[in-house]
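Engineer: What follows is start_29.txt, compact mmCIF, C-alpha atoms.
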```
# COMPACT_ATOMS: atom_id res chain seq x y z
CA PRO I 84 81.41 168.82 118.27
CA LEU I 85 79.16 167.07 115.70
CA MET I 86 82.07 166.63 113.28
CA GLY I 87 84.19 165.19 116.08
CA ILE I 88 81.53 162.57 116.85
CA LEU I 89 81.15 161.68 113.16
CA PHE I 90 84.91 161.41 112.78
CA ALA I 91 85.11 159.15 115.87
CA LEU I 92 82.36 156.91 114.44
CA TYR I 93 84.18 156.80 111.08
CA VAL I 94 87.46 155.79 112.76
CA ALA I 95 85.66 153.16 114.87
CA PHE I 96 84.00 151.72 111.75
CA ILE I 97 87.31 151.56 109.85
CA VAL I 98 89.07 149.91 112.81
CA PHE I 99 86.25 147.36 113.06
CA ALA I 100 86.49 146.64 109.31
CA MET I 101 90.27 146.15 109.51
CA LEU I 102 89.89 143.78 112.47
CA ASN I 103 87.33 141.82 110.49
CA VAL I 104 89.74 141.47 107.54
CA VAL I 105 92.61 140.40 109.80
CA THR I 106 90.36 137.82 111.50
CA GLY I 107 89.24 136.50 108.10
CA VAL I 108 92.82 136.04 106.93
CA PHE I 109 93.72 134.25 110.17
CA VAL I 110 90.72 131.89 109.97
CA GLN I 111 91.43 131.10 106.31
CA SER I 112 95.04 130.18 107.06
CA VAL I 113 93.94 127.95 109.95
CA LEU I 114 91.41 126.14 107.74
CA LYS I 115 94.01 125.64 105.01
CA SER I 116 96.47 124.26 107.57
CA GLN I 117 93.80 121.93 108.93
CA ALA I 118 93.08 120.55 105.45
CA THR I 119 96.78 119.88 104.89
CA ASP I 120 97.06 118.18 108.29
CA ARG I 121 94.05 116.04 107.49
CA GLU I 122 95.59 114.87 104.22
CA LEU I 123 98.86 114.03 105.97
CA PHE I 124 96.91 112.14 108.64
CA MET I 125 95.10 110.10 105.97
CA VAL I 126 98.36 109.27 104.20
CA SER I 127 99.96 108.26 107.50
CA ASN I 128 96.99 106.04 108.38
CA ALA I 129 97.09 104.37 104.97
CA ARG I 130 100.80 103.63 105.29
CA GLU I 131 100.27 102.15 108.77
CA LEU I 132 97.39 100.05 107.47
CA PHE I 133 99.43 98.65 104.59
CA ALA I 134 102.52 98.23 106.79
CA SER I 135 100.48 95.85 108.96
CA LEU I 136 100.02 93.51 105.96
CA GLU I 137 102.33 90.53 105.56
CA GLY I 138 104.03 91.97 102.47
CA GLY I 139 104.28 95.45 103.93
CA VAL I 140 103.63 98.63 101.99
CA THR I 141 104.40 96.93 98.66
CA ASP I 142 101.66 94.33 99.16
CA ALA I 143 98.16 94.62 97.69
CA MET I 144 94.99 94.24 99.73
CA SER I 145 92.21 91.91 98.56
CA TRP I 146 88.58 92.22 99.64
CA PRO I 147 88.85 89.60 102.43
CA VAL I 148 91.90 91.39 103.87
CA PHE I 149 90.18 94.77 103.47
CA GLU I 150 87.13 93.38 105.25
CA SER I 151 89.24 91.98 108.08
CA LYS I 152 90.86 95.41 108.56
CA LEU I 153 87.52 97.24 108.97
CA ASP I 154 87.93 97.23 112.76
CA ALA I 155 91.50 98.57 112.64
CA PRO I 156 91.77 102.13 113.98
CA GLN I 157 93.40 103.30 110.74
CA MET I 158 90.51 101.94 108.65
CA VAL I 159 87.92 103.43 111.01
CA ALA I 160 89.66 106.82 110.69
CA PHE I 161 89.77 106.45 106.89
CA LEU I 162 86.06 105.68 106.65
CA GLN I 163 85.25 108.59 108.94
CA ALA I 164 87.45 110.92 106.89
CA ILE I 165 85.54 110.13 103.70
CA ASP I 166 82.23 110.15 105.61
CA VAL I 167 81.26 106.58 104.75
CA ASP I 168 79.56 104.01 106.94
CA ARG I 169 81.16 100.62 107.55
CA SER I 170 78.25 98.92 105.78
CA GLU I 171 79.30 100.62 102.53
CA ALA I 172 82.83 99.20 102.68
CA ARG I 173 82.30 96.85 99.73
CA GLY I 174 81.37 99.77 97.48
CA VAL I 175 84.34 101.79 98.72
CA PHE I 176 86.64 98.85 97.95
CA ALA I 177 85.23 98.66 94.42
CA LEU I 178 85.84 102.40 93.98
CA LEU I 179 89.39 102.17 95.27
CA ASP I 180 90.18 99.26 92.93
CA LEU I 181 90.80 101.42 89.87
CA ASP I 182 92.23 98.69 87.65
CA GLY I 183 89.52 96.13 88.51
CA SER I 184 92.08 93.54 89.65
CA GLY I 185 90.23 92.67 92.87
CA GLU I 186 93.11 94.05 94.92
CA ILE I 187 94.07 97.56 95.91
CA THR I 188 97.63 98.75 96.16
CA VAL I 189 98.82 101.47 98.50
CA ASP I 190 98.83 103.93 95.57
CA GLU I 191 95.24 103.10 94.65
CA PHE I 192 94.25 103.41 98.31
CA LEU I 193 95.92 106.81 98.75
CA ASN I 194 94.63 108.21 95.46
CA GLY I 195 91.15 106.98 96.26
CA ALA I 196 91.29 108.30 99.81
CA LEU I 197 92.23 111.78 98.66
CA ARG I 198 89.68 111.65 95.85
CA LEU I 199 86.79 110.41 98.01
CA ARG I 200 87.19 112.68 101.00
CA GLY I 201 84.58 115.35 101.38
CA SER I 202 80.85 115.21 101.15
CA ALA I 203 78.77 112.27 99.99
CA LYS I 204 78.48 114.05 96.66
CA ALA I 205 82.13 113.23 95.92
CA LEU I 206 81.40 109.56 96.61
CA ASP I 207 78.37 109.65 94.35
CA VAL I 208 80.37 111.26 91.55
CA ALA I 209 83.08 108.61 91.93
CA LEU I 210 80.44 105.87 91.67
CA LEU I 211 79.08 107.47 88.51
CA LEU I 212 82.57 107.71 87.00
CA LYS I 213 83.16 104.03 87.66
CA GLU I 214 79.87 103.11 86.00
CA VAL I 215 80.63 105.33 83.01
CA ARG I 216 84.00 103.61 82.60
CA LYS I 217 82.26 100.21 82.62
CA VAL I 218 79.77 101.35 79.98
CA HIS I 219 82.59 102.83 77.90
CA CYS I 220 84.51 99.55 77.99
CA ARG I 221 81.41 97.58 77.02
CA LEU I 222 80.67 99.92 74.13
CA ALA I 223 84.27 99.68 72.95
CA ASP I 224 84.00 95.86 73.02
CA ILE I 225 80.73 95.97 71.08
CA SER I 226 82.13 98.33 68.45
CA ARG I 227 85.13 96.05 67.92
CA SER I 228 82.88 93.05 67.33
```
Translate this structure into C-alpha cells?
Structural biologist:
Amino acid sequence: PLMGILFALYVAFIVFAMLNVVTGVFVQSVLKSQATDRELFMVSNARELFASLEGGVTDAMSWPVFESKLDAPQMVAFLQAIDVDRSEARGVFALLDLDGSGEITVDEFLNGALRLRGSAKALDVALLLKEVRKVHCRLADISRS
C-alpha cells in the first residue's frame, strides 16, 4: 500500500511537470506570434501614414509634416508602440532621420520604428549612437584639417 501511494504521487508529479512544459511551449509560441503581429501592424501603420502624404509612399516627410501628423491614428499607434510621449516627437524625428537630411523616408521610418520599439532603454541607446556618430564625424573633420 505505501509503494502504491508513492507511485501514484510520482505519476501525479510527472504528469504535472509535463503539463507545465506543454503550457510553456504554448505560451512561448503565442508571445512569438504576438511580436510578429506587432511588427506587421507597425509596418502597416507606417505605410498608411506615408500613403496619406501628397507624394505617397515614395515621398519623404519633413519635420512640419511629421508634426502635423502627430494626431493621426497611425502616428499615435507608432508612438505608443515605441513607448514614447508625444512631447518627445522632435527627438524621435531626429533619431529616425538617419542621414541628417531633415526629412525621413518610409525606409528610415520603418527601420527606426523596428529599432526603437521596446523599452526606453532602446531609445536611450539610439540617442547615444546618434551622438557618437556626430562626435565621430567632427573628429574626422578635425583630423583632416
Engineer: Please return as a PDB file with C-alpha atoms, in the coordinates of the input every residue within 12 Å of (93.3, 101.5, 99.6), taking into account all atoms listed in the file and the file's own coordinates.
Structural biologist:
```pdb
ATOM      1  CA  MET I 125      95.100 110.100 105.970  1.00  0.00           C
ATOM      2  CA  VAL I 126      98.360 109.270 104.200  1.00  0.00           C
ATOM      3  CA  ASN I 128      96.990 106.040 108.380  1.00  0.00           C
ATOM      4  CA  ALA I 129      97.090 104.370 104.970  1.00  0.00           C
ATOM      5  CA  ARG I 130     100.800 103.630 105.290  1.00  0.00           C
ATOM      6  CA  GLU I 131     100.270 102.150 108.770  1.00  0.00           C
ATOM      7  CA  LEU I 132      97.390 100.050 107.470  1.00  0.00           C
ATOM      8  CA  PHE I 133      99.430  98.650 104.590  1.00  0.00           C
ATOM      9  CA  VAL I 140     103.630  98.630 101.990  1.00  0.00           C
ATOM     10  CA  ASP I 142     101.660  94.330  99.160  1.00  0.00           C
ATOM     11  CA  ALA I 143      98.160  94.620  97.690  1.00  0.00           C
ATOM     12  CA  MET I 144      94.990  94.240  99.730  1.00  0.00           C
ATOM     13  CA  SER I 145      92.210  91.910  98.560  1.00  0.00           C
ATOM     14  CA  TRP I 146      88.580  92.220  99.640  1.00  0.00           C
ATOM     15  CA  VAL I 148      91.900  91.390 103.870  1.00  0.00           C
ATOM     16  CA  PHE I 149      90.180  94.770 103.470  1.00  0.00           C
ATOM     17  CA  GLU I 150      87.130  93.380 105.250  1.00  0.00           C
ATOM     18  CA  LYS I 152      90.860  95.410 108.560  1.00  0.00           C
ATOM     19  CA  LEU I 153      87.520  97.240 108.970  1.00  0.00           C
ATOM     20  CA  GLN I 157      93.400 103.300 110.740  1.00  0.00           C
ATOM     21  CA  MET I 158      90.510 101.940 108.650  1.00  0.00           C
ATOM     22  CA  PHE I 161      89.770 106.450 106.890  1.00  0.00           C
ATOM     23  CA  LEU I 162      86.060 105.680 106.650  1.00  0.00           C
ATOM     24  CA  ALA I 172      82.830  99.200 102.680  1.00  0.00           C
ATOM     25  CA  ARG I 173      82.300  96.850  99.730  1.00  0.00           C
ATOM     26  CA  VAL I 175      84.340 101.790  98.720  1.00  0.00           C
ATOM     27  CA  PHE I 176      86.640  98.850  97.950  1.00  0.00           C
ATOM     28  CA  ALA I 177      85.230  98.660  94.420  1.00  0.00           C
ATOM     29  CA  LEU I 178      85.840 102.400  93.980  1.00  0.00           C
ATOM     30  CA  LEU I 179      89.390 102.170  95.270  1.00  0.00           C
ATOM     31  CA  ASP I 180      90.180  99.260  92.930  1.00  0.00           C
ATOM     32  CA  LEU I 181      90.800 101.420  89.870  1.00  0.00           C
ATOM     33  CA  GLY I 185      90.230  92.670  92.870  1.00  0.00           C
ATOM     34  CA  GLU I 186      93.110  94.050  94.920  1.00  0.00           C
ATOM     35  CA  ILE I 187      94.070  97.560  95.910  1.00  0.00           C
ATOM     36  CA  THR I 188      97.630  98.750  96.160  1.00  0.00           C
ATOM     37  CA  VAL I 189      98.820 101.470  98.500  1.00  0.00           C
ATOM     38  CA  ASP I 190      98.830 103.930  95.570  1.00  0.00           C
ATOM     39  CA  GLU I 191      95.240 103.100  94.650  1.00  0.00           C
ATOM     40  CA  PHE I 192      94.250 103.410  98.310  1.00  0.00           C
ATOM     41  CA  LEU I 193      95.920 106.810  98.750  1.00  0.00           C
ATOM     42  CA  ASN I 194      94.630 108.210  95.460  1.00  0.00           C
ATOM     43  CA  GLY I 195      91.150 106.980  96.260  1.00  0.00           C
ATOM     44  CA  ALA I 196      91.290 108.300  99.810  1.00  0.00           C
ATOM     45  CA  LEU I 197      92.230 111.780  98.660  1.00  0.00           C
ATOM     46  CA  ARG I 198      89.680 111.650  95.850  1.00  0.00           C
ATOM     47  CA  LEU I 199      86.790 110.410  98.010  1.00  0.00           C
TER      48      LEU I 199
END
```
Engineer: Within 12 Å of (81.2, 102.9, 87.7), in the coordinates the file gives, what residues turn up when you count only C-alpha atoms, written out as a ChimeraX atom specification?
Structural biologist: /I:174-175,177-183,206-221
Engineer: Could you tell me how far atom CA of I:Ala100 lies from atom CA of I:Leu85, in Å and to one decimal?
Structural biologist: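 Computing it gives 22.6 Å between the two atoms.
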Engineer: What gap, in Å, lies between atom CA of I:Val104 and atom CA of I:Leu123?
Structural biologist: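 Atom CA of I:Val104 sits 29.0 Å away from atom CA of I:Leu123.
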Engineer: Using Å and a single decimal, report how far atom CA of I:Ser127 sits from atom CA of I:Val159.
Structural biologist: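 Atom CA of I:Val159 sits 13.4 Å away from atom CA of I:Ser127.
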Engineer: Is there a way to complete stretch 182-193 of chain I with N, CA, C and O atoms and then write that out as a JSON list (two decimals), in the coordinates of the input?
Structural biologist:
```json
[["chain", "number", "residue", "atom", "x", "y", "z"],
["I", 182, "ASP", "N", 91.92, 99.54, 88.79],
["I", 182, "ASP", "CA", 92.23, 98.69, 87.65],
["I", 182, "ASP", "C", 91.34, 97.45, 87.57],
["I", 182, "ASP", "O", 91.46, 96.66, 86.65],
["I", 183, "GLY", "N", 90.45, 97.26, 88.54],
["I", 183, "GLY", "CA", 89.52, 96.13, 88.51],
["I", 183, "GLY", "C", 90.18, 94.79, 88.77],
["I", 183, "GLY", "O", 89.63, 93.74, 88.41],
["I", 184, "SER", "N", 91.34, 94.78, 89.42],
["I", 184, "SER", "CA", 92.08, 93.54, 89.65],
["I", 184, "SER", "C", 91.56, 92.75, 90.86],
["I", 184, "SER", "O", 91.95, 91.61, 91.06],
["I", 185, "GLY", "N", 90.70, 93.35, 91.66],
["I", 185, "GLY", "CA", 90.23, 92.67, 92.87],
["I", 185, "GLY", "C", 91.13, 92.92, 94.05],
["I", 185, "GLY", "O", 90.89, 92.40, 95.14],
["I", 186, "GLU", "N", 92.18, 93.69, 93.85],
["I", 186, "GLU", "CA", 93.11, 94.05, 94.92],
["I", 186, "GLU", "C", 93.42, 95.54, 94.80],
["I", 186, "GLU", "O", 93.43, 96.09, 93.70],
["I", 187, "ILE", "N", 93.68, 96.16, 95.95],
["I", 187, "ILE", "CA", 94.07, 97.56, 95.91],
["I", 187, "ILE", "C", 95.49, 97.70, 96.44],
["I", 187, "ILE", "O", 95.84, 97.10, 97.45],
["I", 188, "THR", "N", 96.27, 98.47, 95.73],
["I", 188, "THR", "CA", 97.63, 98.75, 96.16],
["I", 188, "THR", "C", 97.61, 99.99, 97.04],
["I", 188, "THR", "O", 96.60, 100.67, 97.15],
["I", 189, "VAL", "N", 98.74, 100.28, 97.64],
["I", 189, "VAL", "CA", 98.82, 101.47, 98.50],
["I", 189, "VAL", "C", 98.59, 102.74, 97.68],
["I", 189, "VAL", "O", 97.96, 103.68, 98.15],
["I", 190, "ASP", "N", 99.05, 102.75, 96.42],
["I", 190, "ASP", "CA", 98.83, 103.93, 95.57],
["I", 190, "ASP", "C", 97.35, 104.11, 95.25],
["I", 190, "ASP", "O", 96.83, 105.23, 95.29],
["I", 191, "GLU", "N", 96.66, 103.01, 94.91],
["I", 191, "GLU", "CA", 95.24, 103.10, 94.65],
["I", 191, "GLU", "C", 94.48, 103.56, 95.90],
["I", 191, "GLU", "O", 93.55, 104.36, 95.82],
["I", 192, "PHE", "N", 94.90, 103.05, 97.05],
["I", 192, "PHE", "CA", 94.25, 103.41, 98.31],
["I", 192, "PHE", "C", 94.43, 104.89, 98.60],
["I", 192, "PHE", "O", 93.47, 105.59, 98.93],
["I", 193, "LEU", "N", 95.65, 105.39, 98.46],
["I", 193, "LEU", "CA", 95.92, 106.81, 98.75],
["I", 193, "LEU", "C", 95.22, 107.72, 97.75],
["I", 193, "LEU", "O", 94.61, 108.73, 98.14]]
```
